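Report on one structure; see the data block that follows.
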Amino acid sequence: MTEESQAKQKQLERLAEKRQTAAAMGGTERVDAQKKRGKLTARERIFLLLDTDSFHEIGMFAKNRNTAYGDIPADGVITGYGKINGRKVYVFSQDFTSMGGTLSETHANKICQVLDAATRNLCPVIGVNDSGGARIQDGVDALSGYGRIFFRNTAASGVIPQISAIVGPTAGGAVYSPALMDFTFMVKNTSFTYITGPRVVEAVTREKITDEELGGATAAHKKSGVVCRTEENEQDCFQSIRSLFSYLPSNNRGERPYNNWGDAADRKESGLFDLVPANPSKPYSMLPIIEKIFDQRKGDQKNYFELFPMFASNIFTGFSWLNGFSVGIVANQPNSKAGCLDIDASDKASRFIRFCDAFNIPLINLVDVPGYLPGTTQEWGGVIRHGAKMLYAYAEATVPKVTVIIRKAYGGSYLGMCSKDLGADAVFAWPSAELAVMGAEGAAPIIFRKELEKAAEPDKLLQEKIKEYREEFANPYRGAEHLHIDDVIDPADTRMKLIAALEMAFNKAELTPWKKHGVGPT
């Protein structure tokens, strides 16, 4: 072997040694500790998330300027790009085995580099969070790093989809990057997220509480609505992210996702009407209706992807396929709070509507809403400004919007679920639909007050007047006569009508007044 060949061989050996050191992350002892907690390592998470052998790492040899604590492999975060179902995506995954995955100046620089590249190349980005927070030894440099990440999350908003997985601790300033992204997932028992931890809470408020109770996956999903889905383990979490990814375009100028399951566009559902009780006060689930209207797949797998299933369950938000194209669904859920709109439902729906609009995903609205939830808790909690968010989101959205009124649509909530006046491109109603300022039970005593006061049997007369009101006024035909409804349809034809309406509106163009941005309700 020549001297030149020997020199090159040493260079390759040195490269292999450095790669091996970086791949070892925090070392065998810390990796084992991570495993004992039921958690995967940063690289294992990336390999599970991405297509096999598609990951290309960036910044493996990065070092922080602060060397007071020695070299940290990859400075505690693995970054790079790869593919999910053949589509390009950028990723970063914090390495808890390397100094607790704490964020330093260089750690932040690596994440910023990924966010910049993703935005520049119009590719989605997925962040996997497992960190002890800011690296204390880095002081303000670490805090600056968080600020720079937040700035980029905001700049990328509405340009590329941003997805976050919280699979370990996320506290303090670290919580805000996931909050600024579009969708956040958590894993039960191993992940938590909060601004201030249990010790601080106890010191300030004397309230004793555990990590899980304060910011565990279930609390962050069901109580605060911070995360869109909670999964049993990391494997389920990353599979769920891959499923969500399939419904999303790569960017705000990307092609509409298409996935042909072979379902016929002209399929009728003769039993669809039977799923809705004739009694307008009787609850039922909207999920079987969704299952029958949208594209069906072979086997017993769900044909929709639900977001926030445990938060504001009185409204459904999620994705499905309609004639092969990805669509967003907003639907009242009558078996939860009778499908009323309230503070949480309005927040949940309005953000989903705005996401779909930003990424050109058509909206299908399935309506059975009796109104806004009454009570002092709602009024003092600001249901007016929260409810206005849905009005704002629908009115602002320029994507195709198609509404189907299934049963009730009363008062302001009729507007809040995307009426013609809020920009719906098409509105259909089933024969069971009731459109009115208020329900028959509330309207009849007001309209027929004088007759009821004079009646010998007011209760009997009231029931007659309620029936009369429902037949004469609270029906879909009044709305159709005045063009608030395009057509009253046989429920069996709902799928065909939706597909035809979306095909007509796919290339719609709306001219809006120039403005820097709107100022929506808070």
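In the structure tokens, chains take the letters A, B, ... in the order shown, each chain's residues start at 1, and ligands count up from 1 in the order shown.
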
Item to check | Residues within 7 Å of Lys389 of chain A, only C-alpha atoms, excluding chain neighbours under 5 positions, as number ranges by chain | outcome: A: 346-347, 350, 520-521

Taking only C-alpha atoms into account, produce a table as a tab-separated table in which each residue of segment 325-367 of chain A with an atom at most 10 Å from an atom of segment 499-503 of chain A appears once, together with its shortest atom pair and the distance in Å to one decimal, ordered by chain and rising number.
residue	atom	partner	partner_atom	distance
A:Phe325	CA	A:Ile499	CA	9.7
A:Val327	CA	A:Leu502	CA	9.8
A:Pro362	CA	A:Leu502	CA	7.7
A:Leu363	CA	A:Leu502	CA	9.3
A:Ile364	CA	A:Leu502	CA	9.2

Those same residues - all heavy atoms - I'd like them written as a PDB file, in the first residue's frame.
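Dumped to result_25.pdb:
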ATOM      1  N   PHE A 325     -59.872  11.964  -3.577  1.00  0.00           N
ATOM      2  CA  PHE A 325     -59.209  13.192  -3.162  1.00  0.00           C
ATOM      3  C   PHE A 325     -59.348  13.418  -1.654  1.00  0.00           C
ATOM      4  O   PHE A 325     -60.383  13.116  -1.055  1.00  0.00           O
ATOM      5  CB  PHE A 325     -59.779  14.402  -3.913  1.00  0.00           C
ATOM      6  CG  PHE A 325     -59.392  14.447  -5.362  1.00  0.00           C
ATOM      7  CD1 PHE A 325     -60.253  14.003  -6.346  1.00  0.00           C
ATOM      8  CD2 PHE A 325     -58.145  14.926  -5.743  1.00  0.00           C
ATOM      9  CE1 PHE A 325     -59.895  14.026  -7.685  1.00  0.00           C
ATOM     10  CE2 PHE A 325     -57.767  14.961  -7.083  1.00  0.00           C
ATOM     11  CZ  PHE A 325     -58.649  14.511  -8.057  1.00  0.00           C
ATOM     12  N   VAL A 327     -60.109  15.295   1.672  1.00  0.00           N
ATOM     13  CA  VAL A 327     -61.037  16.350   2.082  1.00  0.00           C
ATOM     14  C   VAL A 327     -61.010  16.480   3.597  1.00  0.00           C
ATOM     15  O   VAL A 327     -60.724  15.518   4.317  1.00  0.00           O
ATOM     16  CB  VAL A 327     -62.492  16.063   1.622  1.00  0.00           C
ATOM     17  CG1 VAL A 327     -62.615  16.124   0.116  1.00  0.00           C
ATOM     18  CG2 VAL A 327     -62.984  14.728   2.157  1.00  0.00           C
ATOM     19  N   PRO A 362     -60.370  20.775   0.332  1.00  0.00           N
ATOM     20  CA  PRO A 362     -61.803  21.117   0.373  1.00  0.00           C
ATOM     21  C   PRO A 362     -62.445  20.723   1.701  1.00  0.00           C
ATOM     22  O   PRO A 362     -62.006  19.781   2.374  1.00  0.00           O
ATOM     23  CB  PRO A 362     -62.385  20.303  -0.786  1.00  0.00           C
ATOM     24  CG  PRO A 362     -61.228  20.021  -1.685  1.00  0.00           C
ATOM     25  CD  PRO A 362     -60.043  19.896  -0.799  1.00  0.00           C
ATOM     26  N   LEU A 363     -63.495  21.453   2.063  1.00  0.00           N
ATOM     27  CA  LEU A 363     -64.190  21.237   3.333  1.00  0.00           C
ATOM     28  C   LEU A 363     -65.601  20.702   3.096  1.00  0.00           C
ATOM     29  O   LEU A 363     -66.369  21.273   2.325  1.00  0.00           O
ATOM     30  CB  LEU A 363     -64.269  22.549   4.116  1.00  0.00           C
ATOM     31  CG  LEU A 363     -62.972  23.000   4.799  1.00  0.00           C
ATOM     32  CD1 LEU A 363     -63.017  24.489   5.107  1.00  0.00           C
ATOM     33  CD2 LEU A 363     -62.735  22.196   6.071  1.00  0.00           C
ATOM     34  N   ILE A 364     -65.923  19.620   3.780  1.00  0.00           N
ATOM     35  CA  ILE A 364     -67.272  19.062   3.784  1.00  0.00           C
ATOM     36  C   ILE A 364     -67.856  19.271   5.181  1.00  0.00           C
ATOM     37  O   ILE A 364     -67.247  18.862   6.175  1.00  0.00           O
ATOM     38  CB  ILE A 364     -67.274  17.559   3.448  1.00  0.00           C
ATOM     39  CG1 ILE A 364     -66.548  17.297   2.120  1.00  0.00           C
ATOM     40  CG2 ILE A 364     -68.699  17.032   3.425  1.00  0.00           C
ATOM     41  CD1 ILE A 364     -67.209  17.902   0.918  1.00  0.00           C
TER      42      ILE A 364
END

Would you mind listing what lies within 7 Å of Asp368 of chain A as a CSV table (one decimal) with N, CA, C and O atoms, in the first residue's frame, with only C-alpha atoms counted and same-chain residues fewer than 3 positions away left out?
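Just written: around-v1.csv:
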chain,number,residue,atom,x,y,z
A,332,ASN,N,-71.1,18.2,13.2
A,332,ASN,CA,-71.6,18.1,14.6
A,332,ASN,C,-71.8,16.7,15.0
A,332,ASN,O,-72.0,15.8,14.2
A,334,PRO,N,-74.1,14.7,17.4
A,334,PRO,CA,-75.3,14.8,18.3
A,334,PRO,C,-75.3,14.0,19.5
A,334,PRO,O,-76.1,14.3,20.4
A,339,GLY,N,-74.6,18.0,20.1
A,339,GLY,CA,-73.9,18.6,18.9
A,339,GLY,C,-73.9,20.1,18.9
A,339,GLY,O,-73.6,20.8,17.9
A,405,ILE,N,-77.0,19.7,5.4
A,405,ILE,CA,-77.8,19.8,6.6
A,405,ILE,C,-78.6,18.5,6.8
A,405,ILE,O,-79.5,18.2,6.0
A,406,ILE,N,-78.3,17.8,7.8
A,406,ILE,CA,-78.9,16.4,8.0
A,406,ILE,C,-80.1,16.5,8.8
A,406,ILE,O,-81.1,15.9,8.5
A,407,ARG,N,-80.1,17.3,9.9
A,407,ARG,CA,-81.3,17.3,10.7
A,407,ARG,C,-81.6,18.8,11.2
A,407,ARG,O,-82.3,19.5,10.6
A,408,LYS,N,-80.9,19.2,12.2
A,408,LYS,CA,-81.2,20.6,12.8
A,408,LYS,C,-80.2,21.6,12.3
A,408,LYS,O,-79.0,21.3,12.2
A,409,ALA,N,-80.6,22.8,12.1
A,409,ALA,CA,-79.7,23.9,11.9
A,409,ALA,C,-80.4,25.2,12.4
A,409,ALA,O,-81.2,25.8,11.6

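Of the listed residues A:Pro249, A:Leu462, A:Arg152, A:Pro370, the one whose atoms come nearest to Lys450 of chain A is A:Leu462, with distances taken using only C-alpha atoms.
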
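Proximity to Met25 of chain A at 10 Å, evaluated using only C-alpha atoms and with sequence-adjacent residues fewer than 2 positions away removed, yields Gln20, Thr21, Ala22, Ala23, Gly27, Thr28, Arg30, Val31, Thr41, Ala42, Arg43, Ile72, Pro73, Ala74, Asp75, Gly76, Val77, Ile78, Asp95, Phe96, Thr97, Ser98 and Met99 of chain A.
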
Segment 32-69 of chain A near segment 238-243 of chain A within 12 Å: what's each residue's closest atom pair and its distance in Å to one decimal, counting only C-alpha atoms, ordered by chain then ascending residue number, as a Markdown table?
| residue | atom | partner | partner_atom | distance |
| --- | --- | --- | --- | --- |
| A:Leu40 | CA | A:Phe238 | CA | 11.5 |
| A:Glu44 | CA | A:Phe238 | CA | 11.0 |
| A:Arg45 | CA | A:Phe238 | CA | 7.9 |
| A:Ile46 | CA | A:Phe238 | CA | 9.0 |
| A:Phe47 | CA | A:Phe238 | CA | 10.0 |
| A:Leu48 | CA | A:Phe238 | CA | 6.9 |
| A:Leu49 | CA | A:Phe238 | CA | 5.3 |
| A:Leu50 | CA | A:Arg242 | CA | 8.3 |
| A:Asp51 | CA | A:Arg242 | CA | 9.9 |

Checklist entry - Near Met286 of chain A, counting only C-alpha atoms, which residues have an atom at most 6 Å away, once you skip same-chain residues fewer than 2 positions from it, shown as a VMD selection string? => result chain A and resid 288 to 289 333

Item to check | Selection: 12 Å around Glu441 of chain A, only C-alpha atoms, excl. self and same-chain fewer than 5 positions, as number ranges by chain | outcome: A: 280-281, 370, 410, 436, 446-448, 459, 462-470, 474

Residues as selected, N, CA, C and O atoms, written as a PDB file, in the first residue's frame, can you do that?
ATOM      1  N   PRO A 280     -86.247  14.617  16.568  1.00  0.00           N
ATOM      2  CA  PRO A 280     -85.116  15.546  16.460  1.00  0.00           C
ATOM      3  C   PRO A 280     -84.338  15.726  17.754  1.00  0.00           C
ATOM      4  O   PRO A 280     -83.241  16.286  17.742  1.00  0.00           O
ATOM      5  N   SER A 281     -84.888  15.247  18.871  1.00  0.00           N
ATOM      6  CA  SER A 281     -84.209  15.385  20.154  1.00  0.00           C
ATOM      7  C   SER A 281     -83.411  14.135  20.524  1.00  0.00           C
ATOM      8  O   SER A 281     -82.699  14.133  21.526  1.00  0.00           O
ATOM      9  N   PRO A 370     -78.205  22.252  17.226  1.00  0.00           N
ATOM     10  CA  PRO A 370     -79.359  22.942  17.814  1.00  0.00           C
ATOM     11  C   PRO A 370     -79.069  24.367  18.249  1.00  0.00           C
ATOM     12  O   PRO A 370     -79.992  25.104  18.611  1.00  0.00           O
ATOM     13  N   TYR A 410     -80.205  25.512  13.655  1.00  0.00           N
ATOM     14  CA  TYR A 410     -80.961  26.581  14.295  1.00  0.00           C
ATOM     15  C   TYR A 410     -80.102  27.816  14.556  1.00  0.00           C
ATOM     16  O   TYR A 410     -78.933  27.721  14.955  1.00  0.00           O
ATOM     17  N   ALA A 436     -84.319  27.025  11.101  1.00  0.00           N
ATOM     18  CA  ALA A 436     -85.156  27.999  11.794  1.00  0.00           C
ATOM     19  C   ALA A 436     -84.300  28.865  12.704  1.00  0.00           C
ATOM     20  O   ALA A 436     -83.139  28.538  12.992  1.00  0.00           O
ATOM     21  N   ILE A 446     -93.655  31.296  21.807  1.00  0.00           N
ATOM     22  CA  ILE A 446     -93.529  32.737  21.544  1.00  0.00           C
ATOM     23  C   ILE A 446     -94.512  33.168  20.458  1.00  0.00           C
ATOM     24  O   ILE A 446     -95.265  34.134  20.611  1.00  0.00           O
ATOM     25  N   ILE A 447     -94.510  32.436  19.353  1.00  0.00           N
ATOM     26  CA  ILE A 447     -95.351  32.815  18.210  1.00  0.00           C
ATOM     27  C   ILE A 447     -96.837  32.697  18.530  1.00  0.00           C
ATOM     28  O   ILE A 447     -97.649  33.545  18.138  1.00  0.00           O
ATOM     29  N   PHE A 448     -97.192  31.648  19.259  1.00  0.00           N
ATOM     30  CA  PHE A 448     -98.612  31.383  19.531  1.00  0.00           C
ATOM     31  C   PHE A 448     -98.989  31.715  20.985  1.00  0.00           C
ATOM     32  O   PHE A 448     -99.894  31.118  21.559  1.00  0.00           O
ATOM     33  N   ASP A 459    -101.477  22.927  27.206  1.00  0.00           N
ATOM     34  CA  ASP A 459    -100.416  21.947  26.935  1.00  0.00           C
ATOM     35  C   ASP A 459    -100.692  21.160  25.661  1.00  0.00           C
ATOM     36  O   ASP A 459     -99.793  20.916  24.854  1.00  0.00           O
ATOM     37  N   LEU A 462    -100.241  23.454  22.736  1.00  0.00           N
ATOM     38  CA  LEU A 462     -98.827  23.715  22.499  1.00  0.00           C
ATOM     39  C   LEU A 462     -98.198  22.599  21.654  1.00  0.00           C
ATOM     40  O   LEU A 462     -97.430  22.881  20.724  1.00  0.00           O
ATOM     41  N   GLN A 463     -98.499  21.367  21.967  1.00  0.00           N
ATOM     42  CA  GLN A 463     -97.953  20.247  21.194  1.00  0.00           C
ATOM     43  C   GLN A 463     -98.420  20.299  19.745  1.00  0.00           C
ATOM     44  O   GLN A 463     -97.660  19.995  18.823  1.00  0.00           O
ATOM     45  N   GLU A 464     -99.666  20.729  19.539  1.00  0.00           N
ATOM     46  CA  GLU A 464    -100.190  20.871  18.180  1.00  0.00           C
ATOM     47  C   GLU A 464     -99.463  21.980  17.432  1.00  0.00           C
ATOM     48  O   GLU A 464     -99.163  21.849  16.245  1.00  0.00           O
ATOM     49  N   LYS A 465     -99.206  23.088  18.157  1.00  0.00           N
ATOM     50  CA  LYS A 465     -98.530  24.226  17.536  1.00  0.00           C
ATOM     51  C   LYS A 465     -97.055  23.909  17.234  1.00  0.00           C
ATOM     52  O   LYS A 465     -96.509  24.385  16.235  1.00  0.00           O
ATOM     53  N   ILE A 466     -96.446  23.111  18.112  1.00  0.00           N
ATOM     54  CA  ILE A 466     -95.068  22.694  17.849  1.00  0.00           C
ATOM     55  C   ILE A 466     -95.006  21.881  16.560  1.00  0.00           C
ATOM     56  O   ILE A 466     -94.135  22.092  15.712  1.00  0.00           O
ATOM     57  N   LYS A 467     -95.956  20.977  16.416  1.00  0.00           N
ATOM     58  CA  LYS A 467     -96.023  20.162  15.210  1.00  0.00           C
ATOM     59  C   LYS A 467     -96.298  21.036  13.988  1.00  0.00           C
ATOM     60  O   LYS A 467     -95.681  20.872  12.923  1.00  0.00           O
ATOM     61  N   GLU A 468     -97.216  21.989  14.148  1.00  0.00           N
ATOM     62  CA  GLU A 468     -97.556  22.906  13.057  1.00  0.00           C
ATOM     63  C   GLU A 468     -96.347  23.747  12.646  1.00  0.00           C
ATOM     64  O   GLU A 468     -96.074  23.928  11.443  1.00  0.00           O
ATOM     65  N   TYR A 469     -95.629  24.254  13.629  1.00  0.00           N
ATOM     66  CA  TYR A 469     -94.442  25.071  13.360  1.00  0.00           C
ATOM     67  C   TYR A 469     -93.399  24.259  12.595  1.00  0.00           C
ATOM     68  O   TYR A 469     -92.811  24.733  11.615  1.00  0.00           O
ATOM     69  N   ARG A 470     -93.193  23.012  13.041  1.00  0.00           N
ATOM     70  CA  ARG A 470     -92.181  22.182  12.411  1.00  0.00           C
ATOM     71  C   ARG A 470     -92.545  21.884  10.953  1.00  0.00           C
ATOM     72  O   ARG A 470     -91.677  21.874  10.072  1.00  0.00           O
ATOM     73  N   ALA A 474     -90.167  25.013  10.007  1.00  0.00           N
ATOM     74  CA  ALA A 474     -88.861  24.376  10.217  1.00  0.00           C
ATOM     75  C   ALA A 474     -88.682  23.201   9.271  1.00  0.00           C
ATOM     76  O   ALA A 474     -88.612  22.047   9.671  1.00  0.00           O
TER      77      ALA A 474
END

Checklist entry - Could you name the residues that touch Glu234 of chain A at 9 Å or less, counting only C-alpha atoms, but leaving out those on the same chain fewer than 6 positions away, as a PyMOL selection string? => result chain A and resi 38-40+45+167+186-188

Using C-alpha atoms, can you export the residues from the last selection as a PDB file, in the first residue's frame?
ATOM      1  CA  GLY A  38     -40.196   2.305  27.484  1.00  0.00           C
ATOM      2  CA  LYS A  39     -38.792   4.887  25.093  1.00  0.00           C
ATOM      3  CA  LEU A  40     -37.001   4.585  21.761  1.00  0.00           C
ATOM      4  CA  ARG A  45     -37.742   7.035  16.072  1.00  0.00           C
ATOM      5  CA  VAL A 167     -42.441  11.497  23.207  1.00  0.00           C
ATOM      6  CA  MET A 186     -48.291  12.482  22.367  1.00  0.00           C
ATOM      7  CA  VAL A 187     -47.690   9.024  23.859  1.00  0.00           C
ATOM      8  CA  LYS A 188     -49.376   7.811  27.036  1.00  0.00           C
TER       9      LYS A 188
END

Checklist entry - Per DSSP on the backbone, what are the strand (DSSP E or B) residues of segment 278-463 of chain A, as a PyMOL selection string? => result chain A and resi 304-307+315-322+325-332+341+363-369+372+401-410+426-429+434-436

Please write the residues from the selection above to a file, keeping C-alpha atoms, as a PDB file, in the first residue's frame.
ATOM      1  CA  TYR A 304     -61.343   8.650   8.169  1.00  0.00           C
ATOM      2  CA  PHE A 305     -58.610  10.156  10.345  1.00  0.00           C
ATOM      3  CA  GLU A 306     -60.085  11.926  13.373  1.00  0.00           C
ATOM      4  CA  LEU A 307     -58.311  14.815  15.105  1.00  0.00           C
ATOM      5  CA  ILE A 315     -67.789  18.440  16.961  1.00  0.00           C
ATOM      6  CA  PHE A 316     -65.867  16.134  14.638  1.00  0.00           C
ATOM      7  CA  THR A 317     -62.835  17.304  12.697  1.00  0.00           C
ATOM      8  CA  GLY A 318     -60.755  15.052  10.508  1.00  0.00           C
ATOM      9  CA  PHE A 319     -59.753  13.917   7.050  1.00  0.00           C
ATOM     10  CA  SER A 320     -61.106  11.355   4.617  1.00  0.00           C
ATOM     11  CA  TRP A 321     -61.104  10.642   0.890  1.00  0.00           C
ATOM     12  CA  LEU A 322     -63.916  11.538  -1.496  1.00  0.00           C
ATOM     13  CA  PHE A 325     -59.209  13.192  -3.162  1.00  0.00           C
ATOM     14  CA  SER A 326     -58.321  14.299   0.354  1.00  0.00           C
ATOM     15  CA  VAL A 327     -61.037  16.350   2.082  1.00  0.00           C
ATOM     16  CA  GLY A 328     -61.475  17.916   5.496  1.00  0.00           C
ATOM     17  CA  ILE A 329     -64.639  17.140   7.447  1.00  0.00           C
ATOM     18  CA  VAL A 330     -66.349  19.320  10.049  1.00  0.00           C
ATOM     19  CA  ALA A 331     -69.399  17.612  11.544  1.00  0.00           C
ATOM     20  CA  ASN A 332     -71.612  18.139  14.562  1.00  0.00           C
ATOM     21  CA  LEU A 341     -71.290  24.628  19.437  1.00  0.00           C
ATOM     22  CA  LEU A 363     -64.190  21.237   3.333  1.00  0.00           C
ATOM     23  CA  ILE A 364     -67.272  19.062   3.784  1.00  0.00           C
ATOM     24  CA  ASN A 365     -69.637  20.207   6.539  1.00  0.00           C
ATOM     25  CA  LEU A 366     -72.212  17.812   7.998  1.00  0.00           C
ATOM     26  CA  VAL A 367     -74.750  19.749  10.040  1.00  0.00           C
ATOM     27  CA  ASP A 368     -77.006  18.763  12.908  1.00  0.00           C
ATOM     28  CA  VAL A 369     -76.712  21.631  15.383  1.00  0.00           C
ATOM     29  CA  TYR A 372     -74.731  27.407  20.971  1.00  0.00           C
ATOM     30  CA  LYS A 401     -66.895  24.328   0.808  1.00  0.00           C
ATOM     31  CA  VAL A 402     -69.907  22.036   0.610  1.00  0.00           C
ATOM     32  CA  THR A 403     -72.516  21.768   3.370  1.00  0.00           C
ATOM     33  CA  VAL A 404     -75.098  19.057   4.035  1.00  0.00           C
ATOM     34  CA  ILE A 405     -77.832  19.806   6.582  1.00  0.00           C
ATOM     35  CA  ILE A 406     -78.864  16.450   7.988  1.00  0.00           C
ATOM     36  CA  ARG A 407     -81.313  17.335  10.732  1.00  0.00           C
ATOM     37  CA  LYS A 408     -81.221  20.570  12.769  1.00  0.00           C
ATOM     38  CA  ALA A 409     -79.693  23.943  11.890  1.00  0.00           C
ATOM     39  CA  TYR A 410     -80.961  26.581  14.295  1.00  0.00           C
ATOM     40  CA  ALA A 426     -73.133  24.302  -2.387  1.00  0.00           C
ATOM     41  CA  VAL A 427     -75.654  23.563   0.358  1.00  0.00           C
ATOM     42  CA  PHE A 428     -77.750  20.418   0.371  1.00  0.00           C
ATOM     43  CA  ALA A 429     -80.432  19.353   2.830  1.00  0.00           C
ATOM     44  CA  GLU A 434     -85.050  21.795  10.132  1.00  0.00           C
ATOM     45  CA  LEU A 435     -83.892  25.343   9.416  1.00  0.00           C
ATOM     46  CA  ALA A 436     -85.156  27.999  11.794  1.00  0.00           C
TER      47      ALA A 436
END

Next on the checklist: Taking only segment 93-263 of chain A into account, list the residues labelled alpha helix (DSSP H) by DSSP (computed from the backbone), as a count of residues only.
Outcome noted: 67

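Nearest residue to Phe273 of chain A, choosing from A:Phe150, A:Tyr194, A:Trp430, A:Tyr81 and counting only C-alpha atoms: A:Trp430.
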
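The two atoms in question, atom CA of His484 of chain A and atom CA of Lys420 of chain A, are spaced 6.1 Å apart.
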
Item to check | Pairwise distance for atom CA of Ser157 of chain A and atom CA of Asp344 of chain A, rounded to one decimal in Å | outcome: 22.1 Å

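Each of A:Asn507, A:Tyr414, A:Arg253, A:Pro431 was checked against Val276 of chain A using only C-alpha atoms; the smallest atom-to-atom distance is that of A:Pro431.
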
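Note that the spacing between atom CA of Asn121 of chain A and atom CA of Arg148 of chain A amounts to 19.1 Å.
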